[in-house]
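Text of the file input.txt, holding compact mmCIF, C-alpha atoms:
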```
# COMPACT_ATOMS: atom_id res chain seq x y z
CA MET A 1 0.00 0.00 0.00
CA ASN A 2 1.17 3.58 -0.58
CA ARG A 3 1.85 5.97 2.31
CA LEU A 4 -1.58 7.61 2.24
CA GLU A 5 -3.27 4.23 2.43
CA LYS A 6 -0.89 3.19 5.20
CA ILE A 7 -1.77 6.28 7.27
CA LYS A 8 -5.49 5.63 6.84
CA PHE A 9 -4.95 2.02 7.86
CA LEU A 10 -2.99 3.05 10.97
CA SER A 11 -5.57 5.69 11.89
CA ALA A 12 -8.33 3.09 11.70
CA GLN A 13 -6.19 0.62 13.64
CA HIS A 14 -5.62 3.11 16.48
CA ALA A 15 -9.19 4.47 16.50
CA ARG A 16 -10.43 2.24 19.32
CA GLN A 17 -7.53 3.32 21.55
CA VAL A 18 -7.98 7.00 20.62
CA ILE A 19 -11.70 6.81 21.45
CA ALA A 20 -10.89 5.14 24.78
CA MET A 21 -8.44 7.92 25.64
CA ARG A 22 -10.96 10.55 24.65
CA ARG A 23 -13.60 8.96 26.87
CA HIS A 24 -11.21 8.78 29.81
CA LEU A 25 -10.32 12.45 29.40
CA HIS A 26 -13.99 13.35 29.00
CA ALA A 27 -14.90 11.57 32.23
CA HIS A 28 -12.05 13.25 34.14
CA PRO A 29 -12.03 16.90 32.98
CA GLU A 30 -9.71 19.55 34.40
CA LEU A 31 -10.32 23.30 34.37
CA SER A 32 -7.87 25.77 32.84
CA TYR A 33 -4.42 25.80 34.46
CA GLN A 34 -5.17 22.72 36.55
CA GLU A 35 -3.49 20.69 33.78
CA THR A 36 0.18 20.62 32.82
CA GLY A 37 1.52 21.45 29.41
CA VAL A 38 3.46 18.71 27.64
CA VAL A 39 5.78 18.92 24.62
CA ALA A 40 6.96 15.86 22.70
CA THR A 41 8.97 15.32 19.53
CA ILE A 42 8.78 12.71 16.81
CA LYS A 43 12.04 12.53 14.87
CA GLY A 44 12.16 11.22 11.34
CA LYS A 45 15.19 10.78 9.14
CA ASN A 46 17.67 13.67 9.18
CA PRO A 47 15.75 15.15 12.16
CA ASP A 48 17.61 18.47 12.25
CA SER A 49 16.75 19.31 8.65
CA LYS A 50 13.16 20.52 9.13
CA LEU A 51 10.73 21.21 11.98
CA ILE A 52 7.00 21.84 12.21
CA ALA A 53 4.65 21.89 15.21
CA LEU A 54 1.20 20.46 15.91
CA ARG A 55 -0.96 21.71 18.77
CA ALA A 56 -3.82 20.35 20.89
CA ASP A 57 -5.44 21.98 23.93
CA MET A 58 -6.49 20.10 27.06
CA ASP A 59 -8.69 22.13 29.42
CA ALA A 60 -12.40 21.76 30.18
CA LEU A 61 -15.13 24.28 31.07
CA PRO A 62 -17.12 25.10 34.24
CA ILE A 63 -20.32 23.51 32.85
CA GLN A 64 -22.49 20.74 34.33
CA GLU A 65 -22.87 17.98 31.75
CA ILE A 66 -26.38 16.67 30.99
CA ASN A 67 -25.44 13.90 28.56
CA ASP A 68 -26.43 10.40 29.65
CA VAL A 69 -23.38 8.53 28.31
CA PRO A 70 -20.97 6.02 29.90
CA TYR A 71 -18.14 8.54 29.73
CA ARG A 72 -20.09 11.39 31.33
CA SER A 73 -17.97 13.75 33.47
CA ILE A 74 -17.52 12.53 37.04
CA ASN A 75 -16.41 16.00 38.18
CA ALA A 76 -19.44 18.04 39.21
CA GLY A 77 -19.72 21.31 37.32
CA VAL A 78 -16.78 20.55 35.01
CA MET A 79 -17.18 19.30 31.45
CA HIS A 80 -15.30 18.93 28.19
CA ALA A 81 -17.84 21.06 26.32
CA CYS A 82 -15.42 22.34 23.68
CA GLY A 83 -13.89 19.10 22.45
CA HIS A 84 -10.44 19.49 23.97
CA ASP A 85 -10.61 15.87 25.11
CA ALA A 86 -10.96 14.92 21.45
CA HIS A 87 -8.11 17.25 20.44
CA THR A 88 -5.73 15.68 22.95
CA ALA A 89 -6.71 12.11 22.09
CA SER A 90 -6.51 12.84 18.38
CA LEU A 91 -3.01 14.30 18.64
CA LEU A 92 -1.91 11.28 20.67
CA GLY A 93 -3.22 9.14 17.81
CA THR A 94 -1.24 11.28 15.39
CA ALA A 95 1.84 10.68 17.53
CA PHE A 96 1.34 6.91 17.32
CA ILE A 97 1.10 7.08 13.53
CA LEU A 98 4.09 9.40 13.06
CA HIS A 99 6.20 7.25 15.36
CA GLU A 100 5.43 4.16 13.28
CA LEU A 101 6.32 6.09 10.10
CA LYS A 102 9.43 7.86 11.43
CA ASP A 103 11.66 6.08 8.91
CA GLU A 104 9.51 7.32 6.03
CA PHE A 105 9.76 11.11 6.41
CA GLU A 106 12.49 13.67 6.94
CA GLY A 107 12.53 16.19 9.75
CA THR A 108 10.94 16.53 13.18
CA VAL A 109 7.39 17.10 14.39
CA ARG A 110 6.97 18.94 17.69
CA LEU A 111 3.73 18.03 19.50
CA ILE A 112 2.33 20.70 21.82
CA PHE A 113 -0.28 19.63 24.38
CA GLN A 114 -1.30 23.00 25.73
CA PRO A 115 -3.15 23.93 28.95
CA GLY A 116 -5.43 26.87 29.61
CA GLU A 117 -7.00 27.68 26.23
CA GLU A 118 -10.33 28.66 27.79
CA LYS A 119 -9.15 31.32 30.24
CA ASN A 120 -7.25 34.59 29.93
CA PRO A 121 -4.48 35.26 29.26
CA GLY A 122 -4.39 31.90 27.43
CA GLY A 123 -2.07 28.95 27.93
CA ALA A 124 -0.52 29.46 24.51
CA SER A 125 1.04 32.71 25.75
CA PHE A 126 2.72 30.85 28.62
CA MET A 127 3.91 28.05 26.32
CA ILE A 128 5.46 30.62 23.97
CA ASP A 129 7.12 32.42 26.90
CA ALA A 130 8.52 29.05 28.01
CA GLY A 131 10.17 28.66 24.59
CA VAL A 132 7.91 26.17 22.81
CA LEU A 133 8.53 27.98 19.52
CA GLN A 134 12.29 28.21 20.01
CA ASN A 135 15.46 26.11 19.71
CA PRO A 136 14.86 25.83 16.82
CA VAL A 137 11.88 27.82 15.53
CA PRO A 138 9.31 25.64 13.73
CA SER A 139 8.64 26.56 10.12
CA SER A 140 4.90 26.36 10.78
CA ILE A 141 2.33 25.25 13.32
CA VAL A 142 -1.05 23.57 12.72
CA GLY A 143 -4.03 23.23 15.04
CA GLN A 144 -7.17 21.11 14.72
CA HIS A 145 -10.52 21.88 16.40
CA VAL A 146 -13.78 19.94 16.36
CA PHE A 147 -16.74 21.68 14.73
CA PRO A 148 -20.34 20.66 15.54
CA LEU A 149 -21.77 22.60 12.59
CA LEU A 150 -19.85 20.41 10.15
CA PRO A 151 -20.92 16.80 9.49
CA VAL A 152 -18.47 14.08 10.44
CA GLY A 153 -16.26 13.26 7.48
CA LYS A 154 -15.82 16.88 6.42
CA VAL A 155 -13.10 19.37 7.30
CA GLY A 156 -12.96 23.15 6.94
CA PHE A 157 -10.22 25.67 6.12
CA ARG A 158 -9.91 29.43 5.67
CA GLU A 159 -6.97 31.53 4.54
CA GLY A 160 -6.22 34.85 6.22
CA MET A 161 -8.23 36.33 9.08
CA TYR A 162 -10.38 33.66 10.67
CA MET A 163 -11.19 34.35 14.35
CA ALA A 164 -11.46 37.48 16.46
CA SER A 165 -9.50 38.91 19.34
CA SER A 166 -11.28 38.65 22.66
CA ASP A 167 -11.14 41.04 25.62
CA GLU A 168 -13.26 40.98 28.77
CA ILE A 169 -14.80 44.22 30.00
CA TYR A 170 -15.83 44.80 33.61
CA LEU A 171 -17.70 48.00 34.52
CA ARG A 172 -18.48 49.05 38.09
CA VAL A 173 -21.06 51.83 38.06
CA ILE A 174 -21.08 53.64 41.38
CA GLY A 175 -23.92 55.89 42.53
CA LYS A 176 -25.80 56.49 45.76
CA GLY A 177 -28.47 54.03 46.81
CA GLY A 178 -31.72 54.69 48.60
CA HIS A 179 -35.46 54.12 48.69
CA GLY A 180 -37.11 53.43 45.35
CA ALA A 181 -39.91 55.86 46.25
CA ALA A 182 -37.43 58.70 46.69
CA PRO A 183 -35.18 58.56 43.62
CA ASP A 184 -34.43 62.26 43.93
CA LEU A 185 -32.33 61.48 46.99
CA THR A 186 -30.20 58.95 45.12
CA ILE A 187 -27.80 58.73 42.22
CA ASP A 188 -29.33 55.72 40.52
CA PRO A 189 -26.59 53.40 39.17
CA VAL A 190 -29.22 51.18 37.52
CA VAL A 191 -30.32 54.02 35.26
CA ILE A 192 -26.69 54.99 34.59
CA ALA A 193 -25.87 51.37 33.73
CA SER A 194 -28.85 51.20 31.37
CA HIS A 195 -27.62 54.27 29.48
CA LEU A 196 -24.11 52.88 29.32
CA ILE A 197 -25.15 49.57 27.79
CA ILE A 198 -27.10 51.30 25.03
CA ALA A 199 -24.64 54.15 24.45
CA LEU A 200 -21.58 51.91 24.18
CA GLN A 201 -23.14 50.09 21.22
CA GLN A 202 -22.65 53.32 19.27
CA ILE A 203 -18.92 52.65 19.33
CA ILE A 204 -19.63 49.61 17.17
CA SER A 205 -22.27 51.21 14.92
CA ARG A 206 -20.64 54.62 14.48
CA ASN A 207 -16.90 54.27 15.12
CA ALA A 208 -15.99 50.87 13.74
CA SER A 209 -15.66 50.53 9.98
CA PRO A 210 -18.69 48.73 8.51
CA LYS A 211 -16.14 46.58 6.66
CA GLN A 212 -14.50 45.50 9.92
CA PRO A 213 -16.19 42.64 11.85
CA THR A 214 -16.51 43.60 15.52
CA VAL A 215 -18.83 42.82 18.43
CA LEU A 216 -19.53 44.31 21.86
CA THR A 217 -21.76 42.19 24.08
CA PHE A 218 -22.70 42.61 27.73
CA GLY A 219 -23.93 39.33 29.15
CA LYS A 220 -23.98 39.94 32.90
CA ILE A 221 -25.53 42.72 34.97
CA THR A 222 -25.58 42.61 38.76
CA ALA A 223 -27.65 45.15 40.68
CA ASP A 224 -28.21 44.04 44.25
CA GLY A 225 -31.26 46.14 44.94
CA ALA A 226 -34.92 45.18 45.23
CA THR A 227 -38.29 46.32 43.91
CA ASN A 228 -38.12 49.37 46.18
CA ILE A 229 -34.39 49.63 46.82
CA ILE A 230 -31.93 51.45 44.58
CA PRO A 231 -28.46 49.90 45.09
CA ASP A 232 -25.21 51.78 45.54
CA GLU A 233 -23.58 50.14 42.55
CA VAL A 234 -24.14 48.00 39.49
CA LYS A 235 -21.63 45.63 37.93
CA ILE A 236 -21.60 44.90 34.20
CA ALA A 237 -19.48 42.30 32.41
CA GLY A 238 -19.05 41.80 28.70
CA THR A 239 -16.80 40.94 25.79
CA PHE A 240 -15.27 42.96 22.96
CA ARG A 241 -14.27 41.15 19.75
CA ALA A 242 -12.28 42.54 16.84
CA MET A 243 -10.25 41.37 13.85
CA ASN A 244 -7.80 44.23 13.66
CA GLU A 245 -5.28 45.01 16.41
CA GLU A 246 -5.28 48.78 15.80
CA TRP A 247 -9.09 48.96 16.02
CA ARG A 248 -8.99 46.65 19.04
CA ARG A 249 -6.84 49.16 20.95
CA GLU A 250 -8.91 52.12 19.76
CA GLY A 251 -12.22 50.43 20.56
CA LEU A 252 -11.18 49.56 24.11
CA ALA A 253 -9.95 53.13 24.68
CA ARG A 254 -13.28 54.53 23.44
CA ILE A 255 -15.25 52.14 25.66
CA THR A 256 -13.25 53.22 28.69
CA LYS A 257 -13.58 56.94 27.96
CA MET A 258 -17.30 56.87 27.14
CA ALA A 259 -18.24 54.75 30.16
CA LYS A 260 -16.45 57.08 32.55
CA GLN A 261 -17.77 60.29 30.98
CA ILE A 262 -21.40 59.17 30.76
CA ALA A 263 -21.41 58.01 34.37
CA GLU A 264 -19.79 61.27 35.51
CA GLY A 265 -22.26 63.31 33.48
CA MET A 266 -25.14 61.56 35.28
CA GLY A 267 -23.68 62.25 38.72
CA GLY A 268 -22.00 58.91 39.36
CA ARG A 269 -18.75 57.32 38.33
CA CYS A 270 -17.65 54.22 36.50
CA GLU A 271 -14.58 52.08 37.14
CA VAL A 272 -13.43 50.20 34.03
CA GLU A 273 -11.34 47.04 34.09
CA ILE A 274 -10.17 45.44 30.85
CA SER A 275 -8.90 41.86 30.91
CA ASN A 276 -6.93 41.55 27.70
CA GLY A 277 -7.45 38.21 26.00
CA TYR A 278 -6.33 36.64 22.77
CA PRO A 279 -5.28 38.45 19.58
CA TYR A 280 -7.09 37.79 16.32
CA LEU A 281 -6.25 34.55 14.56
CA GLN A 282 -4.53 34.82 11.21
CA ASN A 283 -4.24 31.69 9.08
CA ASP A 284 -1.11 31.97 6.98
CA PRO A 285 -2.29 31.71 3.35
CA ALA A 286 0.61 29.57 2.12
CA VAL A 287 0.44 27.10 5.02
CA THR A 288 -3.34 26.90 4.76
CA LYS A 289 -3.21 26.28 1.03
CA ARG A 290 -0.73 23.44 1.54
CA ILE A 291 -2.59 21.69 4.34
CA ARG A 292 -5.89 22.12 2.51
CA GLU A 293 -4.42 20.35 -0.51
CA ALA A 294 -3.25 17.57 1.82
CA ALA A 295 -6.76 17.28 3.29
CA GLU A 296 -8.31 17.11 -0.18
CA ALA A 297 -6.09 14.13 -0.93
CA TYR A 298 -6.95 12.49 2.39
CA VAL A 299 -10.74 12.95 2.67
CA GLY A 300 -11.62 13.92 -0.90
CA LYS A 301 -12.04 17.39 -2.35
CA GLU A 302 -15.83 17.16 -1.96
CA ASN A 303 -15.38 16.85 1.82
CA VAL A 304 -13.26 19.99 2.24
CA ILE A 305 -15.22 23.21 2.76
CA GLU A 306 -14.46 26.92 3.05
CA LEU A 307 -15.04 28.27 6.57
CA ASP A 308 -16.79 31.56 7.28
CA LEU A 309 -15.25 34.27 9.43
CA SER A 310 -15.89 33.68 13.13
CA LEU A 311 -16.15 36.21 15.96
CA GLY A 312 -15.26 33.43 18.33
CA SER A 313 -11.72 33.48 19.67
CA GLU A 314 -8.91 30.98 20.17
CA ASP A 315 -5.58 31.35 21.90
CA PHE A 316 -3.97 29.46 19.01
CA ALA A 317 -3.92 33.03 17.69
CA TYR A 318 -0.82 33.70 19.81
CA TYR A 319 1.12 31.17 17.74
CA SER A 320 -0.16 32.78 14.54
CA GLN A 321 1.33 36.10 15.66
CA VAL A 322 4.80 34.52 15.93
CA ILE A 323 5.22 31.95 13.12
CA PRO A 324 3.21 30.89 10.05
CA ALA A 325 0.16 29.06 11.40
CA SER A 326 -3.10 27.48 10.32
CA PHE A 327 -6.12 26.40 12.34
CA TYR A 328 -8.65 24.08 10.71
CA ARG A 329 -11.92 22.40 11.68
CA LEU A 330 -12.82 18.73 11.95
CA GLY A 331 -16.50 17.87 11.42
CA THR A 332 -18.14 16.06 14.37
CA ARG A 333 -21.87 16.53 13.73
CA ASN A 334 -24.26 13.61 13.16
CA GLU A 335 -27.95 14.47 13.08
CA GLU A 336 -29.02 10.82 12.79
CA LYS A 337 -27.28 10.11 16.11
CA GLY A 338 -28.68 13.30 17.67
CA ILE A 339 -25.20 14.82 17.98
CA THR A 340 -25.96 18.44 17.15
CA ALA A 341 -25.30 20.51 20.31
CA TYR A 342 -22.98 23.48 19.90
CA LEU A 343 -19.72 24.18 21.70
CA HIS A 344 -19.85 25.39 25.32
CA THR A 345 -23.26 23.84 26.00
CA PRO A 346 -24.08 21.12 28.57
CA ALA A 347 -25.27 18.73 25.84
CA PHE A 348 -22.18 18.99 23.65
CA ASP A 349 -20.75 15.72 22.32
CA ILE A 350 -19.01 14.49 19.20
CA ASP A 351 -19.54 11.68 16.74
CA GLU A 352 -16.52 9.56 17.62
CA ASP A 353 -16.24 8.41 14.01
CA ALA A 354 -14.30 11.67 13.66
CA LEU A 355 -11.55 10.14 15.80
CA GLU A 356 -10.79 7.64 13.08
CA ILE A 357 -10.28 10.54 10.66
CA GLY A 358 -8.60 13.21 12.82
CA PRO A 359 -5.36 11.45 13.85
CA GLY A 360 -4.55 10.18 10.36
CA LEU A 361 -5.48 13.46 8.71
CA MET A 362 -3.14 15.41 10.97
CA ALA A 363 -0.33 12.87 10.47
CA TRP A 364 -0.77 13.15 6.70
CA ILE A 365 -0.85 16.96 6.94
CA ALA A 366 2.33 16.95 9.04
CA ILE A 367 4.26 14.78 6.59
CA HIS A 368 2.94 16.76 3.62
CA GLU A 369 3.99 19.99 5.32
CA LEU A 370 7.47 18.68 6.08
CA GLU A 371 7.96 17.56 2.48
CA SER A 372 6.93 20.98 1.19
CA LEU A 373 9.70 22.70 3.17
CA PRO A 374 13.28 23.24 2.06
CA VAL A 375 16.02 21.80 4.24
CA GLN A 376 16.70 24.31 7.05
CA HIS A 377 19.63 22.77 8.86
CA SER A 378 22.57 20.63 7.87
```

Give the structure from this file in structure tokens form.
Amino acid sequence: MNRLEKIKFLSAQHARQVIAMRRHLHAHPELSYQETGVVATIKGKNPDSKLIALRADMDALPIQEINDVPYRSINAGVMHACGHDAHTASLLGTAFILHELKDEFEGTVRLIFQPGEEKNPGGASFMIDAGVLQNPVPSSIVGQHVFPLLPVGKVGFREGMYMASSDEIYLRVIGKGGHGAAPDLTIDPVVIASHLIIALQQIISRNASPKQPTVLTFGKITADGATNIIPDEVKIAGTFRAMNEEWRREGLARITKMAKQIAEGMGGRCEVEISNGYPYLQNDPAVTKRIREAAEAYVGKENVIELDLSLGSEDFAYYSQVIPASFYRLGTRNEEKGITAYLHTPAFDIDEDALEIGPGLMAWIAIHELESLPVQHS
């Protein structure tokens, strides 16, 4: 059999073990930064000649799982609701395959099992600071992520800008509380907060370029008053997404200035805290083109789709700011099996048939990527 057929055979052969590992990880989830990052290398022939990196993330989310499955999370309030269990298991499967084929390719593959993707500032930033992209620098890095909108058997790619930056915004609106029947004796932070939420949307509609995807969403408001009690303060929490670093900085500055000035103009004050998250994710066009061609050979051109822009965020973006990178999607949806829940929901699951495809696909992509590179070292 040729090498492509051999990789498919090995991926199928390891599928049962990969699924078992995924189920173990799913049943024993760990929250961000409770896990430990791991880096491994698979050396082929002439290992110093070329180097690429592959990345998987490992952390779970603070969500209570509702799925009635044998591998349901045993940790109350913690769940692999974003597929990181599948990413880790799949990359382990890729490692098995590459190890068995190490005499059939030139160069080295660095495997990055990364913690803390789900929580600022992002585990990728710590891995980079620890030198995971150094000594030597990989020519490229590739990441794979499950995608519940894409049927199992299909994979998705996009060149250029793909995912947004993500910053958390915390506003503390401070007024003067009192009796709801005597609002004239108070400085009502609830009313100030209401004006802020509406007014800040103008930054998106009137300051951001209509050609520039951007989102400002406030999803949490805490006002500890009552039907007849005006509280002293209101807390608001939200997220700001952008796909341009210059606009990201400008937008956050405008949010801070407007929030403070509106609150002051209404007699109160507003404290603004910005938790800076991930940068926008840029898929290197050349790398993406190469790995897409590899995927077309592996799963068939009819099973490779073009991804839309996403205002979601991913800390894989940190890698894309340092070296040529590409982040692609692995289909995991199966409507016949009832596997349709989206990411970050308590009913999320994957069609495990994807775990027969994912490891082999990434191994094939890795070897294809190595073979496309010129020799870097003697």

Write out as CSV a residue-level contact list of range 110-202 of chain A versus range 274-282 of chain A with cut-off 12 Å: for each qualifying residue the closest pair of atoms and the distance in Å to one decimal, counting all atoms listed in the file, rows sorted by chain and residue number upward.
```
residue,atom,partner,partner_atom,distance
A:Gly116,CA,A:Tyr278,CA,12.0
A:Glu117,CA,A:Tyr278,CA,9.6
A:Glu118,CA,A:Gly277,CA,10.1
A:Lys119,CA,A:Gly277,CA,8.3
A:Asn120,CA,A:Gly277,CA,5.3
A:Pro121,CA,A:Gly277,CA,5.3
A:Gly122,CA,A:Tyr278,CA,6.9
A:Gly123,CA,A:Tyr278,CA,10.2
A:Ala124,CA,A:Tyr278,CA,9.4
A:Ser125,CA,A:Tyr278,CA,8.9
A:Ile141,CA,A:Gln282,CA,12.0
A:Val142,CA,A:Gln282,CA,11.9
A:Gly143,CA,A:Leu281,CA,11.5
A:Phe157,CA,A:Gln282,CA,11.9
A:Arg158,CA,A:Gln282,CA,9.4
A:Glu159,CA,A:Gln282,CA,7.8
A:Gly160,CA,A:Gln282,CA,5.3
A:Met161,CA,A:Gln282,CA,4.5
A:Tyr162,CA,A:Leu281,CA,5.7
A:Met163,CA,A:Leu281,CA,4.9
A:Ala164,CA,A:Tyr280,CA,4.4
A:Ser165,CA,A:Tyr280,CA,4.0
A:Ser166,CA,A:Gly277,CA,5.1
A:Asp167,CA,A:Gly277,CA,4.7
A:Glu168,CA,A:Ser275,CA,4.9
A:Ile169,CA,A:Ile274,CA,4.9
A:Tyr170,CA,A:Ile274,CA,6.3
A:Leu171,CA,A:Ile274,CA,8.8
A:Arg172,CA,A:Ile274,CA,11.6
```

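Minimum atom-to-atom distances from A:Gly238, A:Pro148, A:Gly77, A:Pro285 to Gly219 in chain A were compared using all atoms listed in the file, and the lowest value belongs to A:Gly238.
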
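Taking only C-alpha atoms into account, those protein, DNA and RNA residues with any atom at most 10 Å away from (7.3, 25.6, 11.6) amount to Lys50, Leu51, Ile52, Ala53, Leu54, Thr108, Val109, Arg110, Leu133, Pro136, Val137, Pro138, Ser139, Ser140, Ile141, Val142, Val287, Ile323, Pro324, Ala325, Glu369, Leu370 and Leu373 of chain A.
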
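You can rank A:Ile174, A:Gln144, A:Thr239, A:Asp224 by their closest distance to Phe327 in chain A using all atoms listed in the file, and at the top of that list sits A:Gln144.
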
Original post:
Between CA of Leu311 in chain A and CA of Pro346 in chain A, what is the spacing in Å?
Top reply: 21.2 Å

**OP:** State, in Å with one decimal place, the distance from CA of Gln134 in chain A to CA of Val18 in chain A.
**Re:** 29.3 Å

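Interatomic distance, CA of Cys82 in chain A to CA of Glu314 in chain A: 11.4 Å.
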
**OP:** Find, counting only C-alpha atoms, the residue in A:Ala295, A:Ala86, A:Leu252, A:Ala40 that gets nearest to Phe147 in chain A.
**Re:** A:Ala86

Original post:
Near Val69 in chain A, within 10 Å and counting all atoms listed in the file, which residues show up once chain neighbours fewer than 5 positions away are dropped, as a PyMOL selection string?
Top reply: chain A and resi 23+27+349

**OP:** Fewer than 5 positions away in the same chain doesn't count, so skip those; otherwise give me all residues within 6 Å of Gly44 in chain A, counting only C-alpha atoms, as number ranges by chain.
**Re:** A: 102-103, 105-108

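Distances to Gln13 in chain A were evaluated for A:Pro29, A:Gly180, A:Pro359, A:Gly83 using all atoms listed in the file, and the minimum falls at A:Pro359.
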
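Comparing A:Leu355, A:Met258, A:Glu271, A:Thr217 by their smallest distance to Met21 in chain A, the closest is A:Leu355 (using only C-alpha atoms).
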
Original post:
So which residues touch Gln114 in chain A within 7 Å, counting only C-alpha atoms, skipping near sequence neighbours fewer than 5 positions away, as number ranges by chain?
Top reply: A: 37-38, 56-58, 123-124

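When the distance limit is 12 Å and only C-alpha atoms are what count, the residues near Lys154 in chain A, minus those fewer than 6 positions from it on the same chain, are A:Val146, A:Phe147, A:Pro148, A:Arg292, A:Ala295, A:Glu296, A:Tyr298, A:Val299, A:Gly300, A:Lys301, A:Glu302, A:Asn303, A:Val304, A:Ile305, A:Glu306, A:Leu307, A:Tyr328, A:Arg329, A:Leu330, A:Gly331, A:Thr332, A:Arg333, A:Asn334, A:Asp353, A:Ala354, A:Ile357, A:Gly358, A:Leu361.
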
Subject >> Exercise: residues within 8 Å of coordinate (-23.0, 24.1, 16.8), counting all atoms listed in the file, as a PyMOL selection string >> reply: chain A and resi 147-149+340-343

Subject >> Option closest in space to Pro189 in chain A, from A:Glu264, A:Glu335, A:Glu250, A:Asp129 [counting all atoms listed in the file] >> reply: A:Glu264

Original post:
Could you name the residues that touch Asn75 in chain A at 12 Å or less, counting only C-alpha atoms, but leaving out those on the same chain fewer than 5 positions away, as a list of chain:residue names?
Top reply: A:Leu25, A:His26, A:Ala27, A:His28, A:Pro29, A:Glu30, A:Leu31, A:Ala60, A:Leu61, A:Pro62, A:Ile63, A:Gln64, A:Glu65, A:His80

Written file, previous selection with C-alpha atoms, as a PDB file, keeping the file's coordinate frame:
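What landed in part03.pdb:
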```pdb
ATOM      1  CA  LEU A  25     -10.320  12.450  29.400  1.00  0.00           C
ATOM      2  CA  HIS A  26     -13.990  13.350  29.000  1.00  0.00           C
ATOM      3  CA  ALA A  27     -14.900  11.570  32.230  1.00  0.00           C
ATOM      4  CA  HIS A  28     -12.050  13.250  34.140  1.00  0.00           C
ATOM      5  CA  PRO A  29     -12.030  16.900  32.980  1.00  0.00           C
ATOM      6  CA  GLU A  30      -9.710  19.550  34.400  1.00  0.00           C
ATOM      7  CA  LEU A  31     -10.320  23.300  34.370  1.00  0.00           C
ATOM      8  CA  ALA A  60     -12.400  21.760  30.180  1.00  0.00           C
ATOM      9  CA  LEU A  61     -15.130  24.280  31.070  1.00  0.00           C
ATOM     10  CA  PRO A  62     -17.120  25.100  34.240  1.00  0.00           C
ATOM     11  CA  ILE A  63     -20.320  23.510  32.850  1.00  0.00           C
ATOM     12  CA  GLN A  64     -22.490  20.740  34.330  1.00  0.00           C
ATOM     13  CA  GLU A  65     -22.870  17.980  31.750  1.00  0.00           C
ATOM     14  CA  HIS A  80     -15.300  18.930  28.190  1.00  0.00           C
TER      15      HIS A  80
END
```

Mind rebuilding range 51-63 of chain A with N, CA and C atoms and writing that out as a compact mmCIF listing (two decimals), in the coordinates of the input?
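Everything below was put into result-v5.txt:
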```txt
# COMPACT_ATOMS: atom_id res chain seq x y z
N LEU A 51 11.54 21.31 10.76
CA LEU A 51 10.73 21.21 11.98
C LEU A 51 9.40 21.90 11.79
N ILE A 52 8.32 21.21 12.12
CA ILE A 52 7.00 21.84 12.21
C ILE A 52 6.41 21.48 13.56
N ALA A 53 5.31 22.15 13.93
CA ALA A 53 4.65 21.89 15.21
C ALA A 53 3.17 21.61 15.00
N LEU A 54 2.62 20.75 15.86
CA LEU A 54 1.20 20.46 15.91
C LEU A 54 0.72 20.76 17.33
N ARG A 55 -0.48 21.29 17.45
CA ARG A 55 -0.96 21.71 18.77
C ARG A 55 -2.34 21.14 19.09
N ALA A 56 -2.51 20.71 20.35
CA ALA A 56 -3.82 20.35 20.89
C ALA A 56 -3.96 21.03 22.25
N ASP A 57 -5.19 21.40 22.61
CA ASP A 57 -5.44 21.98 23.93
C ASP A 57 -6.13 20.94 24.81
N MET A 58 -6.10 21.16 26.14
CA MET A 58 -6.49 20.10 27.06
C MET A 58 -7.56 20.46 28.08
N ASP A 59 -7.85 21.74 28.28
CA ASP A 59 -8.69 22.13 29.42
C ASP A 59 -10.18 22.02 29.14
N ALA A 60 -10.94 21.87 30.23
CA ALA A 60 -12.40 21.76 30.18
C ALA A 60 -13.03 23.07 30.63
N LEU A 61 -14.36 23.07 30.74
CA LEU A 61 -15.13 24.28 31.07
C LEU A 61 -15.95 24.09 32.34
N PRO A 62 -16.28 25.19 33.04
CA PRO A 62 -17.12 25.10 34.24
C PRO A 62 -18.61 24.95 33.88
N ILE A 63 -18.96 23.80 33.31
CA ILE A 63 -20.32 23.51 32.85
C ILE A 63 -20.73 22.14 33.40
```
